$ cat structure.pdb   # PDB, C-alpha atoms and all ligand atoms
MODEL        1
ATOM      1  CA  MET A 493      82.728  95.929 122.233
ATOM      2  CA  GLU A 494      86.315  97.083 122.320
ATOM      3  CA  VAL A 495      89.016  94.447 122.724
ATOM      4  CA  THR A 496      91.760  95.547 125.092
ATOM      5  CA  ALA A 497      94.081  92.536 125.363
ATOM      6  CA  SER A 498      95.105  90.244 122.570
ATOM      7  CA  ALA A 499      96.228  86.647 123.036
ATOM      8  CA  GLY A 500      98.175  85.599 119.952
ATOM      9  CA  THR A 501      99.786  87.594 117.178
ATOM     10  CA  GLY A 502      97.847  89.246 114.406
ATOM     11  CA  GLY A 503      99.132  86.524 112.081
ATOM     12  CA  GLU A 504      97.700  83.762 114.271
ATOM     13  CA  TRP A 505      94.279  85.432 114.402
ATOM     14  CA  ALA A 506      94.268  86.124 110.666
ATOM     15  CA  GLU A 507      95.260  82.562 109.768
ATOM     16  CA  ARG A 508      92.317  81.099 111.767
ATOM     17  CA  THR A 509      89.904  83.610 110.269
ATOM     18  CA  TYR A 510      90.936  83.248 106.639
ATOM     19  CA  GLU A 511      91.327  79.467 106.647
ATOM     20  CA  ALA A 512      87.613  79.390 107.508
ATOM     21  CA  MET A 513      86.607  82.323 105.300
ATOM     22  CA  ALA A 514      88.386  81.296 102.082
ATOM     23  CA  PRO A 515      85.368  79.523 100.492
ATOM     24  CA  VAL A 516      83.142  82.622 100.921
ATOM     25  CA  TYR A 517      85.716  85.460 100.621
ATOM     26  CA  ASP A 518      85.105  86.214  96.944
ATOM     27  CA  ASP A 519      81.318  86.179  97.474
ATOM     28  CA  PHE A 520      81.557  88.514 100.479
ATOM     29  CA  THR A 521      83.745  90.980  98.556
ATOM     30  CA  ALA A 522      82.046  90.565  95.155
ATOM     31  CA  HIS A 523      81.058  94.263  95.088
ATOM     32  CA  HIS A 524      84.704  95.489  95.349
ATOM     33  CA  ASP A 525      85.865  96.977  92.022
ATOM     34  CA  TYR A 526      89.538  95.969  91.972
ATOM     35  CA  GLU A 527      90.013  96.809  88.290
ATOM     36  CA  GLY A 528      89.043 100.449  88.883
ATOM     37  CA  TRP A 529      90.782 100.707  92.268
ATOM     38  CA  LEU A 530      94.090  99.314  91.039
ATOM     39  CA  ALA A 531      94.024 101.566  87.961
ATOM     40  CA  ASP A 532      93.711 104.598  90.288
ATOM     41  CA  LEU A 533      96.511 103.321  92.553
ATOM     42  CA  LEU A 534      98.822 102.781  89.570
ATOM     43  CA  LYS A 535      98.223 106.360  88.389
ATOM     44  CA  VAL A 536      99.298 107.686  91.768
ATOM     45  CA  LEU A 537     102.308 105.337  91.874
ATOM     46  CA  GLU A 538     103.364 106.486  88.399
ATOM     47  CA  HIS A 539     103.218 110.043  89.668
ATOM     48  CA  HIS A 540     105.777 108.919  92.275
ATOM     49  CA  GLY A 541     108.088 107.497  89.608
ATOM     50  CA  LEU A 542     107.057 103.823  89.575
ATOM     51  CA  GLN A 543     109.533 101.876  87.436
ATOM     52  CA  GLY A 544     109.598  98.208  86.420
ATOM     53  CA  ARG A 545     106.999  95.455  86.582
ATOM     54  CA  ARG A 546     107.858  93.212  89.561
ATOM     55  CA  LEU A 547     105.120  93.099  92.225
ATOM     56  CA  LEU A 548     105.114  91.512  95.672
ATOM     57  CA  ASP A 549     101.515  91.343  96.939
ATOM     58  CA  VAL A 550     101.606  90.813 100.723
ATOM     59  CA  GLY A 551      98.362  89.328 102.096
ATOM     60  CA  CYS A 552      97.265  88.603  98.529
ATOM     61  CA  GLY A 553      94.393  86.371  99.651
ATOM     62  CA  THR A 554      92.499  84.771  96.774
ATOM     63  CA  GLY A 555      94.365  86.935  94.256
ATOM     64  CA  LYS A 556      91.857  89.749  93.780
ATOM     65  CA  SER A 557      94.573  92.321  94.515
ATOM     66  CA  PHE A 558      96.993  91.023  91.873
ATOM     67  CA  MET A 559      94.882  89.465  89.096
ATOM     68  CA  PRO A 560      94.337  92.811  87.267
ATOM     69  CA  MET A 561      98.153  93.239  87.203
ATOM     70  CA  LEU A 562      98.750  90.142  85.054
ATOM     71  CA  PRO A 563      97.263  91.480  81.786
ATOM     72  CA  ARG A 564      99.287  94.664  82.434
ATOM     73  CA  GLY A 565     102.480  92.609  82.087
ATOM     74  CA  TRP A 566     103.484  92.438  85.757
ATOM     75  CA  GLU A 567     105.534  89.578  87.171
ATOM     76  CA  VAL A 568     103.758  88.738  90.422
ATOM     77  CA  THR A 569     104.770  87.087  93.684
ATOM     78  CA  GLY A 570     101.939  86.771  96.191
ATOM     79  CA  CYS A 571     102.118  85.670  99.810
ATOM     80  CA  ASP A 572      99.572  85.124 102.523
ATOM     81  CA  ILE A 573      99.308  83.429 105.890
ATOM     82  CA  SER A 574      96.316  81.355 104.778
ATOM     83  CA  PRO A 575      97.019  78.321 102.577
ATOM     84  CA  ALA A 576      93.294  78.061 101.801
ATOM     85  CA  MET A 577      93.195  81.630 100.416
ATOM     86  CA  LEU A 578      96.336  80.925  98.357
ATOM     87  CA  GLY A 579      94.759  77.717  97.002
ATOM     88  CA  LEU A 580      91.988  79.823  95.476
ATOM     89  CA  ALA A 581      94.529  82.314  94.132
ATOM     90  CA  ARG A 582      96.344  79.411  92.477
ATOM     91  CA  GLU A 583      93.097  78.248  90.809
ATOM     92  CA  LYS A 584      92.679  81.726  89.286
ATOM     93  CA  ALA A 585      96.286  82.456  88.315
ATOM     94  CA  GLY A 586      97.594  78.985  87.419
ATOM     95  CA  GLU A 587     101.372  78.796  87.310
ATOM     96  CA  ALA A 588     101.720  82.398  86.084
ATOM     97  CA  VAL A 589     102.347  83.623  89.631
ATOM     98  CA  ARG A 590     104.696  82.633  92.455
ATOM     99  CA  LEU A 591     102.631  82.041  95.605
ATOM    100  CA  GLU A 592     104.103  81.477  99.061
ATOM    101  CA  VAL A 593     102.629  80.893 102.503
ATOM    102  CA  ALA A 594     104.196  83.527 104.768
ATOM    103  CA  ASP A 595     103.356  85.554 107.859
ATOM    104  CA  MET A 596     104.075  89.228 107.140
ATOM    105  CA  LEU A 597     105.499  89.399 110.670
ATOM    106  CA  GLU A 598     108.300  87.092 109.502
ATOM    107  CA  LEU A 599     108.407  88.079 105.851
ATOM    108  CA  PRO A 600     111.205  86.309 103.954
ATOM    109  CA  ARG A 601     113.210  88.176 101.322
ATOM    110  CA  PHE A 602     111.512  86.806  98.198
ATOM    111  CA  GLY A 603     113.579  88.993  95.873
ATOM    112  CA  GLU A 604     113.786  92.583  94.696
ATOM    113  CA  PHE A 605     110.496  94.211  93.775
ATOM    114  CA  ASP A 606     109.584  97.451  92.002
ATOM    115  CA  LEU A 607     106.333  97.521  93.927
ATOM    116  CA  VAL A 608     105.366  95.911  97.231
ATOM    117  CA  TRP A 609     101.764  96.324  98.280
ATOM    118  CA  ALA A 610      99.336  95.069 100.928
ATOM    119  CA  LEU A 611      95.727  95.790 100.026
ATOM    120  CA  ASP A 612      92.261  95.764 101.504
ATOM    121  CA  ASP A 613      92.902  95.914 105.248
ATOM    122  CA  ALA A 614      95.596  93.206 105.357
ATOM    123  CA  ILE A 615      97.667  95.580 107.533
ATOM    124  CA  ASN A 616      94.850  96.062 110.057
ATOM    125  CA  TYR A 617      95.140  92.422 111.131
ATOM    126  CA  LEU A 618      98.409  93.427 112.815
ATOM    127  CA  LEU A 619      97.602  94.094 116.446
ATOM    128  CA  SER A 620     100.190  96.580 117.726
ATOM    129  CA  PRO A 621     102.519  99.340 116.490
ATOM    130  CA  GLU A 622     105.436  96.907 117.078
ATOM    131  CA  GLU A 623     103.838  94.327 114.760
ATOM    132  CA  LEU A 624     103.236  97.047 112.174
ATOM    133  CA  GLU A 625     106.863  98.162 112.233
ATOM    134  CA  ARG A 626     108.095  94.550 111.975
ATOM    135  CA  ALA A 627     105.868  93.869 108.945
ATOM    136  CA  LEU A 628     106.913  97.117 107.235
ATOM    137  CA  ALA A 629     110.591  96.301 107.800
ATOM    138  CA  GLY A 630     110.035  92.962 106.028
ATOM    139  CA  MET A 631     108.397  94.763 103.112
ATOM    140  CA  GLN A 632     111.247  97.288 102.964
ATOM    141  CA  ALA A 633     113.746  94.418 102.688
ATOM    142  CA  ASN A 634     111.932  93.237  99.532
ATOM    143  CA  LEU A 635     112.114  96.601  97.738
ATOM    144  CA  ALA A 636     114.400  97.242  94.782
ATOM    145  CA  PRO A 637     116.509 100.414  95.280
ATOM    146  CA  THR A 638     113.919 102.464  93.345
ATOM    147  CA  GLY A 639     110.954 100.375  94.552
ATOM    148  CA  LEU A 640     107.740 101.751  96.043
ATOM    149  CA  LEU A 641     105.590 100.448  98.891
ATOM    150  CA  LEU A 642     101.833 101.032  99.009
ATOM    151  CA  PHE A 643      99.296  99.865 101.565
ATOM    152  CA  ASP A 644      95.874 100.825 102.827
ATOM    153  CA  VAL A 645      94.585 100.850 106.386
ATOM    154  CA  ASN A 646      91.050 101.180 107.651
ATOM    155  CA  GLU A 647      90.321 104.541 109.242
ATOM    156  CA  LEU A 648      88.354 105.192 112.436
ATOM    157  CA  LEU A 649      85.201 105.802 110.394
ATOM    158  CA  ALA A 650      85.303 102.196 109.123
ATOM    159  CA  TYR A 651      85.402 100.904 112.717
ATOM    160  CA  ARG A 652      82.619 103.245 113.826
ATOM    161  CA  THR A 653      80.383 102.140 110.919
ATOM    162  CA  PHE A 654      81.121  98.837 109.136
ATOM    163  CA  PHE A 655      82.703  97.294 112.272
ATOM    164  CA  ALA A 656      79.825  98.524 114.441
ATOM    165  CA  GLU A 657      76.972  97.343 112.221
ATOM    166  CA  THR A 658      75.314  94.213 110.900
ATOM    167  CA  GLU A 659      75.440  93.536 107.182
ATOM    168  CA  VAL A 660      73.909  90.637 105.323
ATOM    169  CA  VAL A 661      75.198  89.500 101.930
ATOM    170  CA  GLU A 662      73.067  86.971 100.037
ATOM    171  CA  ARG A 663      74.987  85.165  97.318
ATOM    172  CA  GLY A 664      75.188  81.744  95.754
ATOM    173  CA  GLY A 665      72.220  80.495  97.817
ATOM    174  CA  GLN A 666      73.783  81.366 101.154
ATOM    175  CA  ARG A 667      73.523  84.222 103.612
ATOM    176  CA  LEU A 668      76.714  85.777 104.991
ATOM    177  CA  VAL A 669      76.025  87.702 108.187
ATOM    178  CA  TRP A 670      78.629  90.263 109.309
ATOM    179  CA  ASN A 671      78.138  91.289 112.952
ATOM    180  CA  GLY A 672      80.305  94.279 113.785
ATOM    181  CA  LEU A 673      80.896  94.436 117.549
ATOM    182  CA  ALA A 674      82.758  97.762 117.799
ATOM    183  CA  ALA A 675      81.326 100.718 119.712
ATOM    184  CA  LYS A 676      79.973 103.591 117.596
ATOM    185  CA  HIS A 677      82.584 105.919 119.156
ATOM    186  CA  VAL A 678      85.491 103.523 119.407
ATOM    187  CA  ALA A 679      88.747 105.299 120.346
ATOM    188  CA  PRO A 680      91.769 105.727 118.026
ATOM    189  CA  GLY A 681      94.194 102.786 118.213
ATOM    190  CA  SER A 682      91.506 100.332 119.361
ATOM    191  CA  ILE A 683      91.302  96.662 118.459
ATOM    192  CA  CYS A 684      87.836  95.898 117.100
ATOM    193  CA  GLU A 685      86.066  92.666 116.283
ATOM    194  CA  SER A 686      83.460  91.528 113.878
ATOM    195  CA  ARG A 687      82.017  88.033 113.560
ATOM    196  CA  LEU A 688      81.142  86.667 110.161
ATOM    197  CA  GLU A 689      78.819  83.697 109.958
ATOM    198  CA  VAL A 690      77.471  81.676 107.055
ATOM    199  CA  VAL A 691      73.791  81.086 107.712
ATOM    200  CA  SER A 692      72.233  78.253 105.803
ATOM    201  CA  ASP A 693      68.856  76.502 105.817
ATOM    202  CA  GLU A 694      70.717  73.203 105.493
ATOM    203  CA  PRO A 695      72.023  71.558 108.707
ATOM    204  CA  GLN A 696      75.814  72.063 108.952
ATOM    205  CA  ALA A 697      78.173  69.104 109.138
ATOM    206  CA  GLY A 698      80.516  68.793 112.118
ATOM    207  CA  PRO A 699      80.040  69.149 115.865
ATOM    208  CA  GLY A 700      80.023  72.957 116.034
ATOM    209  CA  GLY A 701      77.892  73.657 112.937
ATOM    210  CA  ALA A 702      78.894  76.564 110.682
ATOM    211  CA  PRO A 703      82.162  78.288 111.691
ATOM    212  CA  VAL A 704      82.104  81.831 113.055
ATOM    213  CA  MET A 705      84.963  83.838 111.586
ATOM    214  CA  ILE A 706      86.320  86.449 113.964
ATOM    215  CA  HIS A 707      87.828  89.469 112.220
ATOM    216  CA  ARG A 708      90.089  91.102 114.782
ATOM    217  CA  GLN A 709      91.587  94.342 113.479
ATOM    218  CA  ARG A 710      93.457  97.282 114.967
ATOM    219  CA  HIS A 711      93.027 100.899 113.970
ATOM    220  CA  PHE A 712      96.360 102.603 113.258
ATOM    221  CA  PRO A 713      96.250 106.410 113.608
ATOM    222  CA  GLU A 714      98.324 108.337 111.046
ATOM    223  CA  ALA A 715     101.009 109.292 113.598
ATOM    224  CA  GLU A 716     101.569 105.622 114.467
ATOM    225  CA  VAL A 717     101.835 104.624 110.814
ATOM    226  CA  LEU A 718     104.333 107.410 110.109
ATOM    227  CA  ALA A 719     106.442 106.406 113.141
ATOM    228  CA  ALA A 720     106.358 102.722 112.095
ATOM    229  CA  LEU A 721     107.422 103.642 108.539
ATOM    230  CA  GLU A 722     110.355 105.622 109.880
ATOM    231  CA  GLY A 723     111.323 102.820 112.288
ATOM    232  CA  ALA A 724     111.256 100.350 109.397
ATOM    233  CA  GLY A 725     113.704 102.420 107.325
ATOM    234  CA  LEU A 726     111.057 103.891 105.022
ATOM    235  CA  GLU A 727     110.280 107.428 103.921
ATOM    236  CA  CYS A 728     106.608 108.295 103.554
ATOM    237  CA  LEU A 729     106.000 109.959 100.169
ATOM    238  CA  ASP A 730     102.276 110.569 100.314
ATOM    239  CA  VAL A 731      99.091 109.869 102.252
ATOM    240  CA  TYR A 732      95.598 109.814 100.725
ATOM    241  CA  GLY A 733      92.139 109.239 102.103
ATOM    242  CA  ILE A 734      89.469 107.232 100.339
ATOM    243  CA  TYR A 735      85.753 106.969 100.927
ATOM    244  CA  ILE A 736      83.662 104.015  99.753
ATOM    245  CA  ASP A 737      83.521 105.486  96.222
ATOM    246  CA  GLY A 738      87.220 104.522  96.048
ATOM    247  CA  ILE A 739      88.379 107.982  94.892
ATOM    248  CA  LEU A 740      91.718 109.100  96.362
ATOM    249  CA  LYS A 741      91.581 112.463  98.143
ATOM    250  CA  GLN A 742      93.953 114.718 100.077
ATOM    251  CA  PRO A 743      94.279 115.583 102.851
ATOM    252  CA  LEU A 744      93.394 112.421 104.766
ATOM    253  CA  ASP A 745      90.434 113.180 107.031
ATOM    254  CA  ASP A 746      89.449 110.316 109.306
ATOM    255  CA  THR A 747      85.980 111.748 109.851
ATOM    256  CA  ILE A 748      85.034 111.290 106.180
ATOM    257  CA  HIS A 749      87.481 108.683 104.838
ATOM    258  CA  THR A 750      87.059 104.978 105.557
ATOM    259  CA  LYS A 751      90.578 104.119 104.410
ATOM    260  CA  ALA A 752      93.999 105.731 104.170
ATOM    261  CA  ILE A 753      96.563 104.914 101.505
ATOM    262  CA  TYR A 754     100.267 105.286 102.307
ATOM    263  CA  ILE A 755     103.031 105.362  99.708
ATOM    264  CA  ALA A 756     106.658 105.016 100.789
ATOM    265  CA  ARG A 757     110.139 104.173  99.597
ATOM    266  CA  SER A 758     113.355 103.109 101.312
ATOM    267  CA  ALA A 759     114.857 105.961 103.302
ATOM    268  CA  ALA A 760     118.093 107.258 101.840
TER     269      ALA A 760
HETATM  270  C1  LIG B 801      90.838  91.336 103.539
HETATM  271  S1  LIG B 801      91.948  90.133 102.930
HETATM  272  C2  LIG B 801      92.652  90.961 101.523
HETATM  273  C3  LIG B 801      93.150  89.966 100.508
HETATM  274  C4  LIG B 801      93.608  90.589  99.190
HETATM  275  N1  LIG B 801      94.733  91.493  99.387
HETATM  276  C5  LIG B 801      92.453  91.322  98.546
HETATM  277  O1  LIG B 801      92.571  92.542  98.349
HETATM  278  O2  LIG B 801      91.447  90.671  98.213
HETATM  279  C6  LIG B 801      93.291  90.201 104.089
HETATM  280  C7  LIG B 801      94.333  89.145 103.798
HETATM  281  O3  LIG B 801      95.471  89.395 104.606
HETATM  282  C8  LIG B 801      95.978  88.155 105.036
HETATM  283  N2  LIG B 801      96.765  88.383 106.255
HETATM  284  C9  LIG B 801      96.346  88.939 107.413
HETATM  285  N3  LIG B 801      97.352  88.963 108.314
HETATM  286  C10 LIG B 801      98.431  88.407 107.694
HETATM  287  C11 LIG B 801      99.762  88.149 108.098
HETATM  288  N4  LIG B 801     100.200  88.419 109.334
HETATM  289  N5  LIG B 801     100.611  87.617 107.193
HETATM  290  C12 LIG B 801     100.194  87.315 105.942
HETATM  291  N6  LIG B 801      98.929  87.492 105.512
HETATM  292  C13 LIG B 801      98.061  88.053 106.380
HETATM  293  C14 LIG B 801      94.747  87.307 105.273
HETATM  294  O4  LIG B 801      95.038  85.925 105.329
HETATM  295  C15 LIG B 801      93.856  87.717 104.105
HETATM  296  O5  LIG B 801      94.060  86.889 102.983
ENDMDL
END
$ encode --input "structure.pdb" --output "structure tokens" --more "lines below"
Ligand SMILES: C[S@@+](CC[C@H](N)C(=O)[O-])C[C@H]1O[C@@H](n2cnc3c(N)ncnc32)[C@H](O)[C@@H]1O
Amino acid sequence: MEVTASAGTGGEWAERTYEAMAPVYDDFTAHHDYEGWLADLLKVLEHHGLQGRRLLDVGCGTGKSFMPMLPRGWEVTGCDISPAMLGLAREKAGEAVRLEVADMLELPRFGEFDLVWALDDAINYLLSPEELERALAGMQANLAPTGLLLFDVNELLAYRTFFAETEVVERGGQRLVWNGLAAKHVAPGSICESRLEVVSDEPQAGPGGAPVMIHRQRHFPEAEVLAALEGAGLECLDVYGIYIDGILKQPLDDTIHTKAIYIARSAA
């Protein structure tokens, strides 16, 4: 199924989804190696002259994308549209981190950061090139003069596989069923949906039973991302592709890479 029209902003969809998903998010993503991934990203950022230790993590969720930065001496601000996800981040990080509820479409200026990042598909919850440009402009406004921006986006291959397939994750005595509804040959720039359901042998409380979490994401082709970066006052420094092994490769090839990584800085 390909979704053509979208009622509501990406932020509104994401908030509904992640308020329901927060209790199972860490279980569903337990196989993601953030320690290794972030170490690779930092190497690439250092190659681009990363200076300082102030991080703004946009769409930080339960904190998986910033926790490995704390022992490295980073001062972290995290923001997310879902208070429930941030509640779990707070449990992990204690008071060591500033956490704020914020929609990246209306990102406040939290301060000046050496690094602003949005990791693990947070950007794909934006539903149009206009939303993408608006979010990137908010990130740009939070950059220190020498600051760097890094984000990943899912590539077409991710929508033609993971978003088109069923996956079952059994953890902590429950079964998480991911039902990808995208077509196997979904077109570039499409909005795709997947429904995540917690299946339990126990009867679920409440009138509707267990919630179904709808993940509504848009694919952003490279040309659209580059145009949005430019429109947001950013200069793209580098683009990488990554496959599920997490290794960064160039050039980006959307037939073999499930994600792209973009690195940018404020345009002169
Ligand atoms: C797949 S999770 C990634 C979370 C975290 N970065 C990680 O790597 O584990 C995507 C996150 O983006 C957040 N998000 C999506 N759209 C957002 C928006 N418009 N504003 C702020 N947060 C958003 C969601 O609430 C969710 O926590």
$ atom_distance --input "structure.pdb" --atom1 "CA of Ser557 in chain A" --atom2 "CA of Tyr510 in chain A"
15.6 Å
$ residues_around --input "structure.pdb" --residues "range 566-569 of chain A" --least-positions-apart "5" --cutoff "6 Å" --atoms "all atoms listed in the file" --output "ChimeraX atom specification"
/A:545-548,561,589-591
$ resolve_selection --input "structure.pdb" --expression "the PyMOL selection byres (((chain A and resi 630) around 8) and not hetatm)" --output "list in words"
Met596, Leu597, Glu598, Leu599, Pro600, Arg601, Arg626, Ala627, Leu628, Ala629, Met631, Gln632, Ala633 and Asn634 of chain A
$ residues_around --input "structure.pdb" --residues "Asn646 in chain A" --least-positions-apart "6" --cutoff "7 Å" --atoms "only C-alpha atoms" --output "list in words"
Asp613, Asn616, His711, Thr750, Lys751 and Ala752 of chain A
$ resolve_selection --input "structure.pdb" --expression "the PyMOL selection byres (((chain A and resi 615) around 12) and not hetatm)" --output "mmCIF file with C-alpha atoms, keeping the file's coordinate frame"
data_model
loop_
_atom_site.group_PDB
_atom_site.id
_atom_site.type_symbol
_atom_site.label_atom_id
_atom_site.label_comp_id
_atom_site.auth_asym_id
_atom_site.auth_seq_id
_atom_site.Cartn_x
_atom_site.Cartn_y
_atom_site.Cartn_z
ATOM 1 C CA GLY A 502 97.847 89.246 114.406
ATOM 2 C CA GLY A 503 99.132 86.524 112.081
ATOM 3 C CA ALA A 506 94.268 86.124 110.666
ATOM 4 C CA VAL A 550 101.606 90.813 100.723
ATOM 5 C CA GLY A 551 98.362 89.328 102.096
ATOM 6 C CA CYS A 552 97.265 88.603 98.529
ATOM 7 C CA ASP A 572 99.572 85.124 102.523
ATOM 8 C CA ASP A 595 103.356 85.554 107.859
ATOM 9 C CA MET A 596 104.075 89.228 107.140
ATOM 10 C CA LEU A 597 105.499 89.399 110.670
ATOM 11 C CA TRP A 609 101.764 96.324 98.280
ATOM 12 C CA ALA A 610 99.336 95.069 100.928
ATOM 13 C CA LEU A 611 95.727 95.790 100.026
ATOM 14 C CA ASP A 612 92.261 95.764 101.504
ATOM 15 C CA ASP A 613 92.902 95.914 105.248
ATOM 16 C CA ALA A 614 95.596 93.206 105.357
ATOM 17 C CA ASN A 616 94.850 96.062 110.057
ATOM 18 C CA TYR A 617 95.140 92.422 111.131
ATOM 19 C CA LEU A 618 98.409 93.427 112.815
ATOM 20 C CA LEU A 619 97.602 94.094 116.446
ATOM 21 C CA SER A 620 100.190 96.580 117.726
ATOM 22 C CA PRO A 621 102.519 99.340 116.490
ATOM 23 C CA GLU A 623 103.838 94.327 114.760
ATOM 24 C CA LEU A 624 103.236 97.047 112.174
ATOM 25 C CA GLU A 625 106.863 98.162 112.233
ATOM 26 C CA ARG A 626 108.095 94.550 111.975
ATOM 27 C CA ALA A 627 105.868 93.869 108.945
ATOM 28 C CA LEU A 628 106.913 97.117 107.235
ATOM 29 C CA MET A 631 108.397 94.763 103.112
ATOM 30 C CA LEU A 642 101.833 101.032 99.009
ATOM 31 C CA PHE A 643 99.296 99.865 101.565
ATOM 32 C CA ASP A 644 95.874 100.825 102.827
ATOM 33 C CA VAL A 645 94.585 100.850 106.386
ATOM 34 C CA ASN A 646 91.050 101.180 107.651
ATOM 35 C CA GLU A 647 90.321 104.541 109.242
ATOM 36 C CA ARG A 708 90.089 91.102 114.782
ATOM 37 C CA GLN A 709 91.587 94.342 113.479
ATOM 38 C CA ARG A 710 93.457 97.282 114.967
ATOM 39 C CA HIS A 711 93.027 100.899 113.970
ATOM 40 C CA PHE A 712 96.360 102.603 113.258
ATOM 41 C CA VAL A 717 101.835 104.624 110.814
ATOM 42 C CA LYS A 751 90.578 104.119 104.410
ATOM 43 C CA ALA A 752 93.999 105.731 104.170
ATOM 44 C CA ILE A 753 96.563 104.914 101.505
ATOM 45 C CA TYR A 754 100.267 105.286 102.307
#
$ closest_residue --input "structure.pdb" --among "A:Ala588, A:Leu648, A:Leu533, A:Ala594" --to "ligand LIG 801 (chain B)" --atoms "all atoms listed in the file"
A:Ala594
$ atom_distance --input "structure.pdb" --atom1 "atom N1 of ligand LIG 801 (chain B)" --atom2 "CA of Met513 in chain A"
13.6 Å
$ residues_around --input "structure.pdb" --residues "Cys728 in chain A" --least-positions-apart "3" --cutoff "12 Å" --atoms "all atoms listed in the file" --output "ChimeraX atom specification"
/A:540,628,632,640-643,714-715,717-725,731-732,753-760
$ write_last_selection --input "structure.pdb" --atoms "C-alpha atoms" --output "PDB file, keeping the file's coordinate frame"
ATOM      1  CA  HIS A 540     105.777 108.919  92.275  1.00  0.00           C
ATOM      2  CA  LEU A 628     106.913  97.117 107.235  1.00  0.00           C
ATOM      3  CA  GLN A 632     111.247  97.288 102.964  1.00  0.00           C
ATOM      4  CA  LEU A 640     107.740 101.751  96.043  1.00  0.00           C
ATOM      5  CA  LEU A 641     105.590 100.448  98.891  1.00  0.00           C
ATOM      6  CA  LEU A 642     101.833 101.032  99.009  1.00  0.00           C
ATOM      7  CA  PHE A 643      99.296  99.865 101.565  1.00  0.00           C
ATOM      8  CA  GLU A 714      98.324 108.337 111.046  1.00  0.00           C
ATOM      9  CA  ALA A 715     101.009 109.292 113.598  1.00  0.00           C
ATOM     10  CA  VAL A 717     101.835 104.624 110.814  1.00  0.00           C
ATOM     11  CA  LEU A 718     104.333 107.410 110.109  1.00  0.00           C
ATOM     12  CA  ALA A 719     106.442 106.406 113.141  1.00  0.00           C
ATOM     13  CA  ALA A 720     106.358 102.722 112.095  1.00  0.00           C
ATOM     14  CA  LEU A 721     107.422 103.642 108.539  1.00  0.00           C
ATOM     15  CA  GLU A 722     110.355 105.622 109.880  1.00  0.00           C
ATOM     16  CA  GLY A 723     111.323 102.820 112.288  1.00  0.00           C
ATOM     17  CA  ALA A 724     111.256 100.350 109.397  1.00  0.00           C
ATOM     18  CA  GLY A 725     113.704 102.420 107.325  1.00  0.00           C
ATOM     19  CA  VAL A 731      99.091 109.869 102.252  1.00  0.00           C
ATOM     20  CA  TYR A 732      95.598 109.814 100.725  1.00  0.00           C
ATOM     21  CA  ILE A 753      96.563 104.914 101.505  1.00  0.00           C
ATOM     22  CA  TYR A 754     100.267 105.286 102.307  1.00  0.00           C
ATOM     23  CA  ILE A 755     103.031 105.362  99.708  1.00  0.00           C
ATOM     24  CA  ALA A 756     106.658 105.016 100.789  1.00  0.00           C
ATOM     25  CA  ARG A 757     110.139 104.173  99.597  1.00  0.00           C
ATOM     26  CA  SER A 758     113.355 103.109 101.312  1.00  0.00           C
ATOM     27  CA  ALA A 759     114.857 105.961 103.302  1.00  0.00           C
ATOM     28  CA  ALA A 760     118.093 107.258 101.840  1.00  0.00           C
TER      29      ALA A 760
END
$ atom_distance --input "structure.pdb" --atom1 "CA of Gly528 in chain A" --atom2 "CA of Asp745 in chain A"
22.2 Å
$ closest_atom_pairs --input "structure.pdb" --of "range 521-549 of chain A" --to "range 656-680 of chain A" --cutoff "12 Å" --atoms "all atoms listed in the file" --output "CSV"
residue,atom,partner,partner_atom,distance
A:Thr521,CA,A:Val661,CA,9.3
A:Ala522,CA,A:Arg663,CA,9.1
A:His523,CA,A:Val661,CA,10.2
$ closest_residue --input "structure.pdb" --among "A:Ala650, A:Leu534, A:Val691, A:Ala512" --to "ligand LIG 801 (chain B)" --atoms "all atoms listed in the file"
A:Ala512
$ closest_residue --input "structure.pdb" --among "A:Phe654, A:Phe602, A:Tyr735, A:Phe558" --to "ligand LIG 801 (chain B)" --atoms "all atoms listed in the file"
A:Phe558
